[in-house]
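Colleague: Before anything else, here's the structure in question.
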Amino acid sequence: MSAVKTAPVEGLDLPRTVETVGTLQGWEEVTVSAEVSGVVEKVLADLGDGVQAGQPLVQISIKELGAAFERAEGAFARAEAQAEEIARRRARAEELNKRGLISRQDAEGLESEDRAARAAVKERRGEMEIARVRLANATILAPIAGQVRRRIVSAGEFIEEKKPVMVLVSSHPLKLSVQVPERFAGEVRVGQPVEISVEAYPGKTFAGKVTRVAPAVAVESRAFAVEAEVPNKGGILKAGSFAKAAIRTRIDRNVPV
């Protein structure tokens, strides 16, 4: 008969976790589209490239857009010159009317011409600004910093206005989206730490924290959505990866063991 061994009871701090699974997503994902139609002259970024906000991605030919801007600029200059001439004539007419050399009716006629000329200047200025914006939009810029997840267009291709040209994803940090069973609704809160593991790195865990908790439980699944922020400075983790997560909800202190 074997001897019975005893050991003293110790108090340990035990973390309590909620385990679930979900998907890592880019913190932001943007589909960049063309604002003007034209022929693609250059594609300046490709799949996997890192880009900064404001960096050029695609260059569309500016031949037609440049010509349209020059026409609008010329029309504005002519309208301005005409308005200045009418303003001088009006001022002269008012002076002559004060001297009694022309009728008030003639002076008022020039006032109407002056108002119409100033309105035409505003209209031509608006047309010129629209042409300027369209010319600037021929260079498609990155709206966010991140990486090119997908390149959709090629050089030499004619694209229509609003056609997608690239998909950008911000991969630092990443966002973990999971569904947590409703029985844990009273335990999961914003700010709690999360440990994440992915198949690409067995035995390795990555730290994150809960950033959002849904205010309602989905009737179909009886679960509620939780999002966590996962730092990814080195770009080790990939958006779209399946991930296991352990949300630490509390630590039970001095548990007898």
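Ordered as shown in the structure tokens, chains take letters A, B, and onward, while each chain numbers its residues from 1 and ligands are numbered from 1 in the order shown.
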Taking the DSSP assignment computed from this structure's backbone, write out as a PDB file with N, CA, C and O atoms, in the first residue's frame all residues of region 47-244 of chain A that belong to strand (DSSP E or B).
Modeller:
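Okay, this is what ended up in result-v7.pdb:
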ATOM      1  N   GLY A  50       3.937  49.407 -49.055  1.00  0.00           N
ATOM      2  CA  GLY A  50       3.504  50.322 -48.009  1.00  0.00           C
ATOM      3  C   GLY A  50       3.364  51.726 -48.584  1.00  0.00           C
ATOM      4  O   GLY A  50       4.177  52.160 -49.395  1.00  0.00           O
ATOM      5  N   VAL A  51       2.315  52.421 -48.195  1.00  0.00           N
ATOM      6  CA  VAL A  51       2.078  53.778 -48.687  1.00  0.00           C
ATOM      7  C   VAL A  51       1.745  54.690 -47.511  1.00  0.00           C
ATOM      8  O   VAL A  51       1.241  54.248 -46.483  1.00  0.00           O
ATOM      9  N   PRO A  56       0.927  59.520 -54.055  1.00  0.00           N
ATOM     10  CA  PRO A  56       0.296  59.184 -55.333  1.00  0.00           C
ATOM     11  C   PRO A  56       0.250  57.674 -55.563  1.00  0.00           C
ATOM     12  O   PRO A  56       1.234  56.979 -55.338  1.00  0.00           O
ATOM     13  N   LEU A  57      -0.892  57.202 -56.030  1.00  0.00           N
ATOM     14  CA  LEU A  57      -1.083  55.780 -56.327  1.00  0.00           C
ATOM     15  C   LEU A  57      -1.205  55.520 -57.827  1.00  0.00           C
ATOM     16  O   LEU A  57      -0.614  54.585 -58.356  1.00  0.00           O
ATOM     17  N   VAL A  58      -1.987  56.355 -58.488  1.00  0.00           N
ATOM     18  CA  VAL A  58      -2.253  56.178 -59.923  1.00  0.00           C
ATOM     19  C   VAL A  58      -2.263  57.553 -60.582  1.00  0.00           C
ATOM     20  O   VAL A  58      -2.814  58.515 -60.027  1.00  0.00           O
ATOM     21  N   GLN A  59      -1.670  57.635 -61.762  1.00  0.00           N
ATOM     22  CA  GLN A  59      -1.688  58.881 -62.532  1.00  0.00           C
ATOM     23  C   GLN A  59      -2.514  58.683 -63.794  1.00  0.00           C
ATOM     24  O   GLN A  59      -2.220  57.808 -64.605  1.00  0.00           O
ATOM     25  N   ILE A  60      -3.546  59.498 -63.949  1.00  0.00           N
ATOM     26  CA  ILE A  60      -4.388  59.476 -65.140  1.00  0.00           C
ATOM     27  C   ILE A  60      -3.924  60.584 -66.082  1.00  0.00           C
ATOM     28  O   ILE A  60      -3.492  61.655 -65.641  1.00  0.00           O
ATOM     29  N   THR A 139      -4.389  62.811 -60.415  1.00  0.00           N
ATOM     30  CA  THR A 139      -3.416  62.105 -59.580  1.00  0.00           C
ATOM     31  C   THR A 139      -4.180  61.539 -58.384  1.00  0.00           C
ATOM     32  O   THR A 139      -4.628  62.290 -57.521  1.00  0.00           O
ATOM     33  N   ILE A 140      -4.342  60.231 -58.354  1.00  0.00           N
ATOM     34  CA  ILE A 140      -5.114  59.580 -57.292  1.00  0.00           C
ATOM     35  C   ILE A 140      -4.193  59.331 -56.098  1.00  0.00           C
ATOM     36  O   ILE A 140      -3.153  58.676 -56.232  1.00  0.00           O
ATOM     37  N   LEU A 141      -4.570  59.868 -54.938  1.00  0.00           N
ATOM     38  CA  LEU A 141      -3.734  59.819 -53.748  1.00  0.00           C
ATOM     39  C   LEU A 141      -4.270  58.815 -52.730  1.00  0.00           C
ATOM     40  O   LEU A 141      -5.471  58.523 -52.688  1.00  0.00           O
ATOM     41  N   GLY A 146      -0.945  52.766 -45.097  1.00  0.00           N
ATOM     42  CA  GLY A 146      -1.178  51.324 -44.985  1.00  0.00           C
ATOM     43  C   GLY A 146      -0.423  50.576 -46.065  1.00  0.00           C
ATOM     44  O   GLY A 146       0.653  50.987 -46.500  1.00  0.00           O
ATOM     45  N   GLN A 147      -1.022  49.463 -46.499  1.00  0.00           N
ATOM     46  CA  GLN A 147      -0.428  48.645 -47.544  1.00  0.00           C
ATOM     47  C   GLN A 147      -1.456  48.382 -48.636  1.00  0.00           C
ATOM     48  O   GLN A 147      -2.664  48.410 -48.395  1.00  0.00           O
ATOM     49  N   VAL A 148      -0.948  48.126 -49.834  1.00  0.00           N
ATOM     50  CA  VAL A 148      -1.827  47.819 -50.958  1.00  0.00           C
ATOM     51  C   VAL A 148      -2.275  46.371 -50.834  1.00  0.00           C
ATOM     52  O   VAL A 148      -1.464  45.445 -50.925  1.00  0.00           O
ATOM     53  N   ARG A 149      -3.550  46.186 -50.591  1.00  0.00           N
ATOM     54  CA  ARG A 149      -4.102  44.832 -50.498  1.00  0.00           C
ATOM     55  C   ARG A 149      -4.459  44.278 -51.869  1.00  0.00           C
ATOM     56  O   ARG A 149      -4.369  43.077 -52.117  1.00  0.00           O
ATOM     57  N   ARG A 150      -4.848  45.189 -52.769  1.00  0.00           N
ATOM     58  CA  ARG A 150      -5.246  44.751 -54.120  1.00  0.00           C
ATOM     59  C   ARG A 150      -5.042  45.890 -55.107  1.00  0.00           C
ATOM     60  O   ARG A 150      -5.397  47.033 -54.821  1.00  0.00           O
ATOM     61  N   ARG A 151      -4.430  45.585 -56.235  1.00  0.00           N
ATOM     62  CA  ARG A 151      -4.317  46.550 -57.337  1.00  0.00           C
ATOM     63  C   ARG A 151      -5.286  46.125 -58.428  1.00  0.00           C
ATOM     64  O   ARG A 151      -5.274  44.980 -58.882  1.00  0.00           O
ATOM     65  N   PHE A 158      -8.227  52.394 -69.969  1.00  0.00           N
ATOM     66  CA  PHE A 158      -9.153  53.525 -69.833  1.00  0.00           C
ATOM     67  C   PHE A 158     -10.119  53.213 -68.701  1.00  0.00           C
ATOM     68  O   PHE A 158     -10.741  52.147 -68.672  1.00  0.00           O
ATOM     69  N   ILE A 159     -10.227  54.135 -67.763  1.00  0.00           N
ATOM     70  CA  ILE A 159     -11.121  53.908 -66.622  1.00  0.00           C
ATOM     71  C   ILE A 159     -12.181  54.996 -66.558  1.00  0.00           C
ATOM     72  O   ILE A 159     -11.940  56.147 -66.926  1.00  0.00           O
ATOM     73  N   PRO A 164     -13.077  51.664 -59.050  1.00  0.00           N
ATOM     74  CA  PRO A 164     -12.039  51.351 -58.057  1.00  0.00           C
ATOM     75  C   PRO A 164     -10.698  51.087 -58.725  1.00  0.00           C
ATOM     76  O   PRO A 164     -10.636  50.464 -59.788  1.00  0.00           O
ATOM     77  N   VAL A 165      -9.625  51.570 -58.097  1.00  0.00           N
ATOM     78  CA  VAL A 165      -8.286  51.359 -58.647  1.00  0.00           C
ATOM     79  C   VAL A 165      -7.398  50.547 -57.699  1.00  0.00           C
ATOM     80  O   VAL A 165      -6.526  49.810 -58.151  1.00  0.00           O
ATOM     81  N   MET A 166      -7.601  50.690 -56.390  1.00  0.00           N
ATOM     82  CA  MET A 166      -6.802  49.956 -55.411  1.00  0.00           C
ATOM     83  C   MET A 166      -7.585  49.784 -54.118  1.00  0.00           C
ATOM     84  O   MET A 166      -8.508  50.561 -53.836  1.00  0.00           O
ATOM     85  N   VAL A 167      -7.184  48.769 -53.366  1.00  0.00           N
ATOM     86  CA  VAL A 167      -7.713  48.573 -52.015  1.00  0.00           C
ATOM     87  C   VAL A 167      -6.544  48.689 -51.050  1.00  0.00           C
ATOM     88  O   VAL A 167      -5.535  47.990 -51.194  1.00  0.00           O
ATOM     89  N   LEU A 168      -6.663  49.593 -50.082  1.00  0.00           N
ATOM     90  CA  LEU A 168      -5.623  49.798 -49.072  1.00  0.00           C
ATOM     91  C   LEU A 168      -6.098  49.283 -47.724  1.00  0.00           C
ATOM     92  O   LEU A 168      -7.283  49.396 -47.384  1.00  0.00           O
ATOM     93  N   VAL A 169      -5.174  48.727 -46.969  1.00  0.00           N
ATOM     94  CA  VAL A 169      -5.497  48.246 -45.629  1.00  0.00           C
ATOM     95  C   VAL A 169      -4.444  48.753 -44.657  1.00  0.00           C
ATOM     96  O   VAL A 169      -3.253  48.753 -44.959  1.00  0.00           O
ATOM     97  N   SER A 170      -4.919  49.231 -43.517  1.00  0.00           N
ATOM     98  CA  SER A 170      -4.019  49.677 -42.457  1.00  0.00           C
ATOM     99  C   SER A 170      -3.790  48.495 -41.518  1.00  0.00           C
ATOM    100  O   SER A 170      -4.721  48.015 -40.878  1.00  0.00           O
ATOM    101  N   SER A 171      -2.540  48.008 -41.446  1.00  0.00           N
ATOM    102  CA  SER A 171      -2.256  46.770 -40.711  1.00  0.00           C
ATOM    103  C   SER A 171      -1.577  46.985 -39.366  1.00  0.00           C
ATOM    104  O   SER A 171      -1.169  46.023 -38.719  1.00  0.00           O
ATOM    105  N   HIS A 172      -1.421  48.225 -38.937  1.00  0.00           N
ATOM    106  CA  HIS A 172      -0.884  48.488 -37.590  1.00  0.00           C
ATOM    107  C   HIS A 172      -1.640  49.652 -36.972  1.00  0.00           C
ATOM    108  O   HIS A 172      -1.512  50.783 -37.411  1.00  0.00           O
ATOM    109  N   PRO A 173      -2.467  49.358 -35.954  1.00  0.00           N
ATOM    110  CA  PRO A 173      -2.737  48.027 -35.401  1.00  0.00           C
ATOM    111  C   PRO A 173      -3.754  47.274 -36.251  1.00  0.00           C
ATOM    112  O   PRO A 173      -4.336  47.839 -37.180  1.00  0.00           O
ATOM    113  N   LEU A 174      -3.970  46.002 -35.896  1.00  0.00           N
ATOM    114  CA  LEU A 174      -5.049  45.218 -36.481  1.00  0.00           C
ATOM    115  C   LEU A 174      -6.258  45.237 -35.545  1.00  0.00           C
ATOM    116  O   LEU A 174      -6.153  45.598 -34.375  1.00  0.00           O
ATOM    117  N   LYS A 175      -7.385  44.831 -36.096  1.00  0.00           N
ATOM    118  CA  LYS A 175      -8.616  44.762 -35.314  1.00  0.00           C
ATOM    119  C   LYS A 175      -9.097  43.324 -35.277  1.00  0.00           C
ATOM    120  O   LYS A 175      -9.297  42.714 -36.331  1.00  0.00           O
ATOM    121  N   LEU A 176      -9.267  42.787 -34.091  1.00  0.00           N
ATOM    122  CA  LEU A 176      -9.803  41.435 -33.926  1.00  0.00           C
ATOM    123  C   LEU A 176     -11.302  41.528 -33.690  1.00  0.00           C
ATOM    124  O   LEU A 176     -11.762  42.225 -32.787  1.00  0.00           O
ATOM    125  N   SER A 177     -12.075  40.836 -34.513  1.00  0.00           N
ATOM    126  CA  SER A 177     -13.528  40.805 -34.361  1.00  0.00           C
ATOM    127  C   SER A 177     -13.951  39.400 -33.945  1.00  0.00           C
ATOM    128  O   SER A 177     -13.631  38.428 -34.639  1.00  0.00           O
ATOM    129  N   VAL A 178     -14.647  39.299 -32.814  1.00  0.00           N
ATOM    130  CA  VAL A 178     -15.090  38.001 -32.303  1.00  0.00           C
ATOM    131  C   VAL A 178     -16.545  38.102 -31.865  1.00  0.00           C
ATOM    132  O   VAL A 178     -17.080  39.194 -31.667  1.00  0.00           O
ATOM    133  N   GLN A 179     -17.150  36.930 -31.690  1.00  0.00           N
ATOM    134  CA  GLN A 179     -18.484  36.820 -31.129  1.00  0.00           C
ATOM    135  C   GLN A 179     -18.380  36.089 -29.785  1.00  0.00           C
ATOM    136  O   GLN A 179     -17.796  35.013 -29.721  1.00  0.00           O
ATOM    137  N   VAL A 180     -18.931  36.680 -28.741  1.00  0.00           N
ATOM    138  CA  VAL A 180     -18.838  36.117 -27.393  1.00  0.00           C
ATOM    139  C   VAL A 180     -20.225  35.664 -26.950  1.00  0.00           C
ATOM    140  O   VAL A 180     -21.191  36.416 -27.088  1.00  0.00           O
ATOM    141  N   PRO A 181     -20.358  34.445 -26.424  1.00  0.00           N
ATOM    142  CA  PRO A 181     -21.677  33.967 -25.960  1.00  0.00           C
ATOM    143  C   PRO A 181     -22.289  34.898 -24.926  1.00  0.00           C
ATOM    144  O   PRO A 181     -21.579  35.519 -24.123  1.00  0.00           O
ATOM    145  N   PRO A 193      -7.458  42.986 -21.162  1.00  0.00           N
ATOM    146  CA  PRO A 193      -6.398  42.435 -22.019  1.00  0.00           C
ATOM    147  C   PRO A 193      -6.864  41.186 -22.770  1.00  0.00           C
ATOM    148  O   PRO A 193      -7.723  40.441 -22.290  1.00  0.00           O
ATOM    149  N   VAL A 194      -6.270  40.972 -23.940  1.00  0.00           N
ATOM    150  CA  VAL A 194      -6.610  39.822 -24.781  1.00  0.00           C
ATOM    151  C   VAL A 194      -5.310  39.174 -25.236  1.00  0.00           C
ATOM    152  O   VAL A 194      -4.365  39.871 -25.635  1.00  0.00           O
ATOM    153  N   GLU A 195      -5.259  37.859 -25.178  1.00  0.00           N
ATOM    154  CA  GLU A 195      -4.136  37.116 -25.745  1.00  0.00           C
ATOM    155  C   GLU A 195      -4.621  36.428 -27.013  1.00  0.00           C
ATOM    156  O   GLU A 195      -5.649  35.744 -27.002  1.00  0.00           O
ATOM    157  N   ILE A 196      -3.858  36.597 -28.091  1.00  0.00           N
ATOM    158  CA  ILE A 196      -4.271  36.098 -29.399  1.00  0.00           C
ATOM    159  C   ILE A 196      -3.224  35.133 -29.928  1.00  0.00           C
ATOM    160  O   ILE A 196      -2.021  35.362 -29.773  1.00  0.00           O
ATOM    161  N   SER A 197      -3.689  34.081 -30.565  1.00  0.00           N
ATOM    162  CA  SER A 197      -2.789  33.139 -31.231  1.00  0.00           C
ATOM    163  C   SER A 197      -3.319  32.843 -32.626  1.00  0.00           C
ATOM    164  O   SER A 197      -4.532  32.847 -32.860  1.00  0.00           O
ATOM    165  N   VAL A 198      -2.386  32.612 -33.571  1.00  0.00           N
ATOM    166  CA  VAL A 198      -2.748  32.292 -34.950  1.00  0.00           C
ATOM    167  C   VAL A 198      -1.975  31.051 -35.388  1.00  0.00           C
ATOM    168  O   VAL A 198      -0.914  30.730 -34.844  1.00  0.00           O
ATOM    169  N   PHE A 206       0.061  36.923 -28.940  1.00  0.00           N
ATOM    170  CA  PHE A 206       0.167  38.358 -29.188  1.00  0.00           C
ATOM    171  C   PHE A 206      -0.821  39.070 -28.270  1.00  0.00           C
ATOM    172  O   PHE A 206      -1.950  38.602 -28.067  1.00  0.00           O
ATOM    173  N   ALA A 207      -0.390  40.190 -27.723  1.00  0.00           N
ATOM    174  CA  ALA A 207      -1.212  40.914 -26.755  1.00  0.00           C
ATOM    175  C   ALA A 207      -2.082  41.953 -27.446  1.00  0.00           C
ATOM    176  O   ALA A 207      -1.688  42.570 -28.436  1.00  0.00           O
ATOM    177  N   GLY A 208      -3.269  42.139 -26.908  1.00  0.00           N
ATOM    178  CA  GLY A 208      -4.170  43.184 -27.378  1.00  0.00           C
ATOM    179  C   GLY A 208      -5.065  43.636 -26.242  1.00  0.00           C
ATOM    180  O   GLY A 208      -4.875  43.231 -25.092  1.00  0.00           O
ATOM    181  N   LYS A 209      -6.037  44.485 -26.558  1.00  0.00           N
ATOM    182  CA  LYS A 209      -6.996  44.904 -25.532  1.00  0.00           C
ATOM    183  C   LYS A 209      -8.350  45.160 -26.174  1.00  0.00           C
ATOM    184  O   LYS A 209      -8.447  45.540 -27.355  1.00  0.00           O
ATOM    185  N   VAL A 210      -9.388  44.940 -25.399  1.00  0.00           N
ATOM    186  CA  VAL A 210     -10.753  45.133 -25.878  1.00  0.00           C
ATOM    187  C   VAL A 210     -11.000  46.628 -26.073  1.00  0.00           C
ATOM    188  O   VAL A 210     -10.725  47.441 -25.183  1.00  0.00           O
ATOM    189  N   THR A 211     -11.512  46.993 -27.263  1.00  0.00           N
ATOM    190  CA  THR A 211     -11.794  48.402 -27.559  1.00  0.00           C
ATOM    191  C   THR A 211     -13.282  48.692 -27.713  1.00  0.00           C
ATOM    192  O   THR A 211     -13.724  49.806 -27.458  1.00  0.00           O
ATOM    193  N   ARG A 212     -14.056  47.690 -28.116  1.00  0.00           N
ATOM    194  CA  ARG A 212     -15.500  47.912 -28.298  1.00  0.00           C
ATOM    195  C   ARG A 212     -16.279  46.660 -27.905  1.00  0.00           C
ATOM    196  O   ARG A 212     -15.842  45.538 -28.195  1.00  0.00           O
ATOM    197  N   VAL A 213     -17.418  46.894 -27.281  1.00  0.00           N
ATOM    198  CA  VAL A 213     -18.320  45.801 -26.915  1.00  0.00           C
ATOM    199  C   VAL A 213     -19.711  46.185 -27.393  1.00  0.00           C
ATOM    200  O   VAL A 213     -20.208  47.285 -27.090  1.00  0.00           O
ATOM    201  N   ALA A 218     -27.067  39.375 -30.473  1.00  0.00           N
ATOM    202  CA  ALA A 218     -27.742  38.979 -31.715  1.00  0.00           C
ATOM    203  C   ALA A 218     -28.712  37.837 -31.422  1.00  0.00           C
ATOM    204  O   ALA A 218     -28.336  36.831 -30.801  1.00  0.00           O
ATOM    205  N   ALA A 223     -25.125  35.708 -29.230  1.00  0.00           N
ATOM    206  CA  ALA A 223     -23.777  36.164 -28.924  1.00  0.00           C
ATOM    207  C   ALA A 223     -23.709  37.662 -29.208  1.00  0.00           C
ATOM    208  O   ALA A 223     -24.573  38.214 -29.900  1.00  0.00           O
ATOM    209  N   PHE A 224     -22.702  38.312 -28.666  1.00  0.00           N
ATOM    210  CA  PHE A 224     -22.525  39.739 -28.908  1.00  0.00           C
ATOM    211  C   PHE A 224     -21.120  39.989 -29.460  1.00  0.00           C
ATOM    212  O   PHE A 224     -20.174  39.252 -29.172  1.00  0.00           O
ATOM    213  N   ALA A 225     -21.002  41.034 -30.268  1.00  0.00           N
ATOM    214  CA  ALA A 225     -19.740  41.337 -30.956  1.00  0.00           C
ATOM    215  C   ALA A 225     -18.779  42.062 -30.019  1.00  0.00           C
ATOM    216  O   ALA A 225     -19.174  42.921 -29.239  1.00  0.00           O
ATOM    217  N   VAL A 226     -17.512  41.685 -30.129  1.00  0.00           N
ATOM    218  CA  VAL A 226     -16.445  42.331 -29.377  1.00  0.00           C
ATOM    219  C   VAL A 226     -15.298  42.613 -30.345  1.00  0.00           C
ATOM    220  O   VAL A 226     -14.962  41.773 -31.181  1.00  0.00           O
ATOM    221  N   GLU A 227     -14.710  43.793 -30.228  1.00  0.00           N
ATOM    222  CA  GLU A 227     -13.544  44.142 -31.032  1.00  0.00           C
ATOM    223  C   GLU A 227     -12.365  44.433 -30.123  1.00  0.00           C
ATOM    224  O   GLU A 227     -12.533  44.998 -29.038  1.00  0.00           O
ATOM    225  N   ALA A 228     -11.168  44.039 -30.566  1.00  0.00           N
ATOM    226  CA  ALA A 228      -9.952  44.274 -29.801  1.00  0.00           C
ATOM    227  C   ALA A 228      -8.884  44.855 -30.703  1.00  0.00           C
ATOM    228  O   ALA A 228      -8.792  44.513 -31.889  1.00  0.00           O
ATOM    229  N   GLU A 229      -8.078  45.719 -30.148  1.00  0.00           N
ATOM    230  CA  GLU A 229      -6.949  46.302 -30.866  1.00  0.00           C
ATOM    231  C   GLU A 229      -5.711  45.443 -30.634  1.00  0.00           C
ATOM    232  O   GLU A 229      -5.374  45.126 -29.495  1.00  0.00           O
ATOM    233  N   VAL A 230      -5.042  45.072 -31.731  1.00  0.00           N
ATOM    234  CA  VAL A 230      -3.855  44.205 -31.654  1.00  0.00           C
ATOM    235  C   VAL A 230      -2.684  44.927 -32.322  1.00  0.00           C
ATOM    236  O   VAL A 230      -2.667  45.082 -33.551  1.00  0.00           O
ATOM    237  N   PHE A 242      -7.409  33.804 -39.348  1.00  0.00           N
ATOM    238  CA  PHE A 242      -8.225  33.223 -38.279  1.00  0.00           C
ATOM    239  C   PHE A 242      -7.424  33.291 -36.982  1.00  0.00           C
ATOM    240  O   PHE A 242      -6.215  33.029 -36.966  1.00  0.00           O
ATOM    241  N   ALA A 243      -8.068  33.662 -35.877  1.00  0.00           N
ATOM    242  CA  ALA A 243      -7.342  33.828 -34.615  1.00  0.00           C
ATOM    243  C   ALA A 243      -8.155  33.272 -33.451  1.00  0.00           C
ATOM    244  O   ALA A 243      -9.384  33.326 -33.445  1.00  0.00           O
ATOM    245  N   LYS A 244      -7.439  32.715 -32.488  1.00  0.00           N
ATOM    246  CA  LYS A 244      -8.032  32.319 -31.219  1.00  0.00           C
ATOM    247  C   LYS A 244      -7.719  33.411 -30.203  1.00  0.00           C
ATOM    248  O   LYS A 244      -6.610  33.957 -30.184  1.00  0.00           O
TER     249      LYS A 244
END
Colleague: Excluding Phe69 (chain A) and any residue of its chain fewer than 2 positions from it, enumerate the residues within 12 Å of it, using only C-alpha atoms, and give them as a CSV table (one decimal) with N, CA and C atoms, in the first residue's frame.
Modeller:
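Here's the written file out20.csv:
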chain,number,residue,atom,x,y,z
A,62,ILE,N,-3.6,63.8,-68.2
A,62,ILE,CA,-4.1,65.1,-68.0
A,62,ILE,C,-4.3,65.9,-69.2
A,63,LYS,N,-4.2,65.3,-70.4
A,63,LYS,CA,-4.3,66.1,-71.7
A,63,LYS,C,-5.6,66.8,-71.8
A,64,GLU,N,-6.7,66.0,-71.7
A,64,GLU,CA,-8.0,66.6,-71.9
A,64,GLU,C,-8.4,67.5,-70.7
A,65,LEU,N,-8.0,67.0,-69.5
A,65,LEU,CA,-8.3,67.8,-68.3
A,65,LEU,C,-7.6,69.1,-68.2
A,66,GLY,N,-6.3,69.0,-68.7
A,66,GLY,CA,-5.5,70.3,-68.8
A,66,GLY,C,-6.1,71.3,-69.8
A,67,ALA,N,-6.5,70.8,-70.9
A,67,ALA,CA,-7.1,71.6,-71.9
A,67,ALA,C,-8.4,72.3,-71.4
A,71,ARG,N,-9.3,76.3,-70.9
A,71,ARG,CA,-10.5,76.9,-71.5
A,71,ARG,C,-11.2,77.7,-70.4
A,72,ALA,N,-11.4,77.0,-69.3
A,72,ALA,CA,-12.2,77.6,-68.2
A,72,ALA,C,-11.4,78.8,-67.7
A,73,GLU,N,-10.1,78.7,-67.6
A,73,GLU,CA,-9.3,79.9,-67.1
A,73,GLU,C,-9.4,81.0,-68.1
A,74,GLY,N,-9.4,80.8,-69.4
A,74,GLY,CA,-9.5,81.8,-70.4
A,74,GLY,C,-10.9,82.5,-70.3
A,75,ALA,N,-11.9,81.7,-70.1
A,75,ALA,CA,-13.3,82.2,-70.0
A,75,ALA,C,-13.4,83.1,-68.8
A,76,PHE,N,-12.8,82.7,-67.7
A,76,PHE,CA,-12.8,83.5,-66.5
A,76,PHE,C,-12.1,84.9,-66.7
A,124,ARG,N,-18.0,82.0,-64.1
A,124,ARG,CA,-16.8,81.5,-64.8
A,124,ARG,C,-15.7,81.1,-63.7
A,125,ARG,N,-15.7,81.8,-62.6
A,125,ARG,CA,-14.7,81.4,-61.5
A,125,ARG,C,-15.1,80.0,-61.0
A,126,GLY,N,-16.4,79.7,-60.8
A,126,GLY,CA,-16.8,78.4,-60.3
A,126,GLY,C,-16.4,77.3,-61.3
A,127,GLU,N,-16.6,77.6,-62.6
A,127,GLU,CA,-16.3,76.6,-63.7
A,127,GLU,C,-14.8,76.4,-63.7
A,128,MET,N,-14.0,77.4,-63.5
A,128,MET,CA,-12.5,77.3,-63.5
A,128,MET,C,-12.1,76.4,-62.3
A,129,GLU,N,-12.7,76.6,-61.1
A,129,GLU,CA,-12.3,75.9,-59.9
A,129,GLU,C,-12.7,74.4,-60.1
A,130,ILE,N,-13.8,74.1,-60.7
A,130,ILE,CA,-14.2,72.7,-61.0
A,130,ILE,C,-13.2,72.1,-61.9
A,131,ALA,N,-12.8,72.8,-62.9
A,131,ALA,CA,-11.8,72.3,-63.9
A,131,ALA,C,-10.4,72.1,-63.2
A,132,ARG,N,-10.1,72.9,-62.2
A,132,ARG,CA,-8.8,72.8,-61.5
A,132,ARG,C,-8.9,71.6,-60.6
A,133,VAL,N,-10.0,71.4,-59.9
A,133,VAL,CA,-10.2,70.2,-59.0
A,133,VAL,C,-10.1,68.9,-59.9
A,134,ARG,N,-10.7,68.9,-61.0
A,134,ARG,CA,-10.7,67.7,-61.9
A,134,ARG,C,-9.3,67.4,-62.4
A,135,LEU,N,-8.6,68.4,-62.7
A,135,LEU,CA,-7.2,68.3,-63.1
A,135,LEU,C,-6.3,67.7,-62.0
A,136,ALA,N,-6.5,68.2,-60.7
A,136,ALA,CA,-5.8,67.7,-59.6
A,136,ALA,C,-6.2,66.2,-59.3
Colleague: What separation in Å, quoted to one decimal, exists between CA of Ile152 (chain A) and CA of Val43 (chain A)?
Modeller: 10.0 Å
Colleague: Between A:Ala68, A:Val217, A:Ile247, A:Ala239, which is the closest to Leu24 (chain A) once you count only C-alpha atoms?
Modeller: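 Using only C-alpha atoms, Leu24 (chain A) sits closest to A:Ala239.
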Colleague: Can you measure CA of Arg222 (chain A) to CA of Arg183 (chain A) for me? One decimal in Å is fine.
Modeller: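 The value is 8.9 Å.
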Colleague: Residues near Arg115 (chain A), anyone? I mean within 12 Å using only C-alpha atoms, not counting same-chain ones fewer than 2 positions away, as JSON, numbers by chain.
Modeller: {"A": [82, 83, 84, 86, 87, 90, 108, 109, 110, 111, 112, 113, 117, 118, 119, 120, 121, 122]}
Colleague: Check the smallest atom-to-atom distance from each of A:Val188, A:Val153, A:Leu237, A:Ala214 to Val40 (chain A) using only C-alpha atoms, then report the winner.
Modeller: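 So, comparing all the options, the nearest one is A:Val153.
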Colleague: Out of A:Thr31, A:Arg248, A:Ser221, A:Glu70, which residue has the shortest atom-to-atom distance to Glu187 (chain A) when counting only C-alpha atoms?
Modeller: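 Nearest candidate to Glu187 (chain A) out of A:Thr31, A:Arg248, A:Ser221, A:Glu70: A:Arg248.
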Colleague: Please indicate the distance in Å from CA of Arg16 (chain A) to CA of Lys233 (chain A), rounded to one decimal place.
Modeller: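 Straight-line distance from CA of Arg16 (chain A) to CA of Lys233 (chain A) works out to 28.1 Å.
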Colleague: Would you return as a ChimeraX atom specification the members of region 71-236 of chain A that DSSP assigns to helix (DSSP H, G or I) on this structure's backbone?
Modeller: /A:71-99,104-136,182-184
Colleague: Under the rule that only C-alpha atoms are counted, which of A:Val18, A:Ala79, A:Ala116, A:Ile236 is the nearest residue to Glu182 (chain A)?
Modeller: A:Val18
